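Enquirer: Submitted below is the structure of interest, expressed as structure tokens.
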Amino acid sequence: MKLATVGRSDLSDASDVEDLYRNLIDRLGTEPDLAVIYFTADLGPDVVETISRIRGGAPVIGTSSCQGVMTEEGVFGHNGHGAAIMGIADQGGAFGTAFVPFGDEPAAAATEALMAAMTQAGRPGELPDLILTHSSPGSEEVVIESINAITGGHAPIVGGSAADDDISGGWFLFANEGSGPSGVALAVLYSSEKISTAFQSGYEPTAHGGTVTAAVERTLLEIDGRPAAAVYNEWAGGVIEDAFGDPDNNVLADTTLQPLGRQAGTIELAGTGVAYYTLLHPERVTEDKGLALFADVEVGQDLLLMRGTKSSLVRRAGDVVMTARSGNRPVHGGFIVYCAGCRLAVDGDLDGVVDRINETLSGQPFIGCFTFGEQGCLLGGENKHGNLMISVGVFEPMA
Amino acid sequence: MTSAPVPGDGIGISELRELLLASERGRELAEGSLTKARAVLTGLEIVATARNENELFSGIVDVIGELVPFDDAAVIIDQGEDEAIGVVAATNPSLPLQRLRPDGFARRVMSGKPAIVTDLALVPEWAPVAAATVGLEETPSAALFVPLRAKELRAAFVCLANRSGAYTPHHLEVLQYLGPLAGQALQRYRDMNELGSLIDRLEHLAHHDGLTGLGNRSLFGQKLDEAVAAMEATGAPIGLIQIDLDEFKMVNDNFGHHAGDILLKEVSQRILQMTRDADAVVRLGGDEFAILVSGAGVDRIEAIARRVLDNINQPLTIDGHVVRPNASAGVCVCPRDEVDPGNLLTSADLALYDAKLAGGGRQAPFTNSLRDGRNQERALEAELRRALAAEELVLWYQPIMAATAGDAADPMALEALVRWQHPERGTLAPVEFLPVANRSNLIIEIDEYVLNRALGEVGDWLRADPARRICLNLSAKQLLVADYGHRVQLALRRWGLRPSSLELELSEEIVARRTLDTTIENLGLLRDLGVGLAFDDFGTGYSSVLQLRRFPGHRLKIDRHFVASMFSDSADLAIVRSMIDMAHGLGLTVVAEGVESERQRTTLVEMGCDEIQGFHLARPAPLDQLQCAEALSGAAVRGSGAARR
């Protein structure tokens, strides 16, 4: 197996995208068996048109990323017009990709996409080593349920929700010849090498917590019988106070370091149960003082205020890589899905994120995107969707 | 409201969580390793103690049962490119895993790529298995395929569950540690089986004939021992039928060895068709076969011999040629024939020889007179060997003259003829001892003795005129001696003679056998040396124009039979004339043998015959009694002296 990446800022048109793909083939020394492409949202049409045309028979998958992409060589396209491609050459492996628009049935679309990808890989019915999934924001839980229904939940996922630079809905997804702003693109990987995953956040729980008493899908209406925005504002020290009367009340930046958390599982240590969490990132305050989130929330769930720091977010991606790795065995590279909210919070220190990942991946190739929601496999083996998370998949030689 | 974990004194929440995560990861790895280690240890124990594939399989199934859930399990094996999948072992033998299509998926997993199948219904290669299990209450939905690889082995351990999505990467990981161990063990059993098969094959080869598949001499010995033991226990007689094909060599010579081999195989089958499974049928070598009949009455043994000969003697077509095999058989029955079982084969051989002497194509029983005759022959052979050493074999010579010559005073050539100057029985003609010499290899020594003696005795006479020659009869066996041509060359050098001084007379049998490699090589060398070659007794046997055309020699000798009946049978006269014309047409000179009258001589002269030989001019006689003795006397004295050197 061989991995290689290319990345470039200031891409202006399709010919630049084509050059980038040719560079990848040069670095890889062969046509890829799988290509993963992350790009800033404005490049979506050029990427789809170009890559679909020149990919040959190689399965490809891609999604737009928030304000840039990253590889081991750095961050590309901070201010738009950036793209990165990872190529995987693995004669002993099998790979397949598919994109299916959601339409009215995201669950059916996810099922169809997975079956199509498995068929393209030539492994229908076989459990993949990894499913790389990207979907438009809003139906991630449904997508995961559909995947789990087919795999029994035994195939780990690494994924991220398509993003744009300003949450204006300009995101884009594609696989092979299929593309669109709404739907699911996924890749199945049957690798000749071991793929390890980790899915964590860079946040710690605080003592502030309560129970959801009213919610509709991704809108959290009440905590402990009170308006959710008011409760959150109290817990967080008034960070969204100004948004209460503002019609354009986006609070993403204000809540990034203090998201809500809900318990996803428990680690047993010396007879003591210690909880671990997935996160809910408040996006804006609704008219009825509720909080719009990037993930579904249900009545009865217990929520906590979580807290992170900029430095922990810089350090965290590398730490998640370390968690994924099996001890000190060599590593060949990997995928990093990094929350767009966290990316905005550490904006000035993104190079630090890359450095830390390079440190833990020993400088091996990786490709990373910044997403509006992350999906991964938790410590207990559950495939979950969360916010402000980091999802990692690394390639390691077989034991 | 729920409580978040409270950090302990002196340690921050973040650090504690790091510690917990790392610990959890470590615990998972440790537990996983422990499970795998247990599986490997148990697997090692199974591999070390299992005595065969079935024990290995059931041992592994026991181990796996504690680690991986399954409803059925099996070991499947790749049996080759165009072969169906093999099922080495299975908990449910009625599950038709051999129907798993042997391409794509199945070949991939058996060549080293493990697979977790969450839904077998989606795997195209599984469809034939599914089709065969339609209607069953429980059918597999999920599967785990773990390669078992070692050396050339391509196999897989298969766990099957009746529930979709039953298997996880964890299950696979556990089994993958067992895979190499089980694969090596399986390979070992396969190697042992293969070794066993190889030993069986070698054992078979040691006791069977490679061409016909019949038993060989070695097996015959074993079967004879068994038959003797049975005879001693039950009194049932043993019969031995020894069979030999008459003129088999003619098939080889005329149609090639390939045709000979086909005939031998066909004869083998024909013998088997007429015998029971209990009878031991062996090929003793060449065209000799034997049937050992145990536990049957004498009448039945002879009836078998008759049936076998009748069956063999049916014509068959080989490579477009109709071949009419003819076989002879010698039958010996113990104890009827008062033959020791150890001599059964020799006795049957004597009977066979008797059948051949009687013309072949028949069977003959062993009799005591045959044994007596054989004993006499052995005695004669021993005496002849002694006589050779004592130089009791002497040469008589008969002149060969130009047909136009009026007397034998100045012969063109002398034919040397061997006689035995027996100390008690006087001078013995060749017919009294050469057949025995021919049946043993003594004829080869006699031929060489004659060569050197003749060259020595008439060397000076030969050297005096390059046109003179000494003619010697050559046995077929001599030409089968690999270096015979070189030996002749050495003898000529030894006596300082030109090769053209020597002419070797070849019987029709030799000419017909020129397809044998050694014969061809020797004749080629002799011809290249310049030694004369004559086609002796032409017209008596299987001579054909084709053979004459291909004959590499210089001279043709017309058999005495034609000369003798030239005037009583006008056909023979015509034949003699034709032979002379034909030989001349082929560039050969012609010698007429058995000329006993002047009329014959003049007639032959008229027909263009070149040379004559016969009583009319000179009878064979010792050198010093020939009409030309005066010319030869000096040579004889000097020659004898040289020979003694």
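Residues are named by chain letter and number: chains run A, B, ... in the order of the structure tokens, numbers start at 1 in each chain, and ligands are numbered from 1 in the order shown.
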What lies within 12 Å of Ser111 in chain B using only C-alpha atoms, ignoring chain neighbours under 4 positions off, as a VMD selection string?

Expert: (chain A and resid 92) or (chain B and resid 76 to 80 102 to 107 115 145 to 156 183)

Enquirer: So that I can see what lies close to Gly393 in chain A, please list as a PyMOL selection string the residues with an atom at most 12 Å from it, counting only C-alpha atoms and leaving out residues fewer than 6 positions away in the same chain.

Expert: chain A and resi 129-133+156-159+189+194-200+317-318+320-326+331-338+361+366-368+375-377

Enquirer: For Ala243 in chain A, find every residue with an atom within 10 Å (counting only C-alpha atoms), except residues of its own chain fewer than 4 positions away, and show them as a PyMOL selection string.

Expert: chain A and resi 229+239+247-251+254+284-286+289

Enquirer: Mind the document's chain letters and residue numbers, and return as a PyMOL selection string the residues of range 242-482 of chain B that DSSP labels strand (DSSP E).

Expert: chain B and resi 242-245+280-285+288-294+316-318+321-323+327-334+363-365+393-402+413-422+426-428+469-474

Enquirer: Considering only C-alpha atoms, return as a list in words whatever protein or nucleic-acid residues lie within 8 Å of range 199-215 of chain B, sequence-local ones (same chain, fewer than 2 positions apart) excluded.

Expert: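 That gives Leu195, Gly196, Ser197, Arg217, Ser218, Leu219, Phe220, Asp261, Leu264, Lys265, Ser268, Ala280, Val281, Val282 and Arg283 of chain B.
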
Enquirer: Would you list the contacts of Arg469 in chain B as a count of residues only, taking every protein, DNA or RNA residue within 9 Å and counting only C-alpha atoms, but skipping same-chain residues closer than 4 positions in sequence?

Expert: 11

Enquirer: What's around Pro499 in chain B at 7 Å? Count only C-alpha atoms, leave out sequence neighbours fewer than 2 positions away in its own chain, and write the answer as a ChimeraX atom specification.

Expert: /B:492,497,501-502,529-531

Enquirer: Limited to N, CA and C atoms, could you put the picked residues into a file as an mmCIF file, in the first residue's frame?

Expert:
data_model
loop_
_atom_site.group_PDB
_atom_site.id
_atom_site.type_symbol
_atom_site.label_atom_id
_atom_site.label_comp_id
_atom_site.auth_asym_id
_atom_site.auth_seq_id
_atom_site.Cartn_x
_atom_site.Cartn_y
_atom_site.Cartn_z
ATOM 1 N N LEU B 492 41.607 -56.235 -37.662
ATOM 2 C CA LEU B 492 42.229 -55.979 -38.965
ATOM 3 C C LEU B 492 43.589 -55.313 -38.780
ATOM 4 N N LEU B 497 45.757 -56.059 -42.069
ATOM 5 C CA LEU B 497 44.953 -56.337 -43.262
ATOM 6 C C LEU B 497 44.059 -55.165 -43.624
ATOM 7 N N SER B 501 39.643 -56.769 -47.255
ATOM 8 C CA SER B 501 40.005 -58.193 -47.275
ATOM 9 C C SER B 501 38.964 -59.029 -46.533
ATOM 10 N N LEU B 502 38.140 -58.362 -45.780
ATOM 11 C CA LEU B 502 37.180 -59.087 -44.942
ATOM 12 C C LEU B 502 35.778 -58.855 -45.483
ATOM 13 N N LEU B 529 34.279 -48.378 -42.743
ATOM 14 C CA LEU B 529 35.658 -48.877 -42.718
ATOM 15 C C LEU B 529 36.069 -49.432 -44.072
ATOM 16 N N GLY B 530 35.077 -49.945 -44.785
ATOM 17 C CA GLY B 530 35.383 -50.585 -46.064
ATOM 18 C C GLY B 530 35.277 -52.094 -45.993
ATOM 19 N N VAL B 531 34.775 -52.606 -44.866
ATOM 20 C CA VAL B 531 34.562 -54.046 -44.732
ATOM 21 C C VAL B 531 33.414 -54.441 -45.654
#

Enquirer: May I have all residues of range 89-214 of chain A that DSSP, computed from the backbone, assigns to alpha helix (DSSP H), given as a VMD selection string?

Expert: chain A and resid 106 to 120 140 to 151
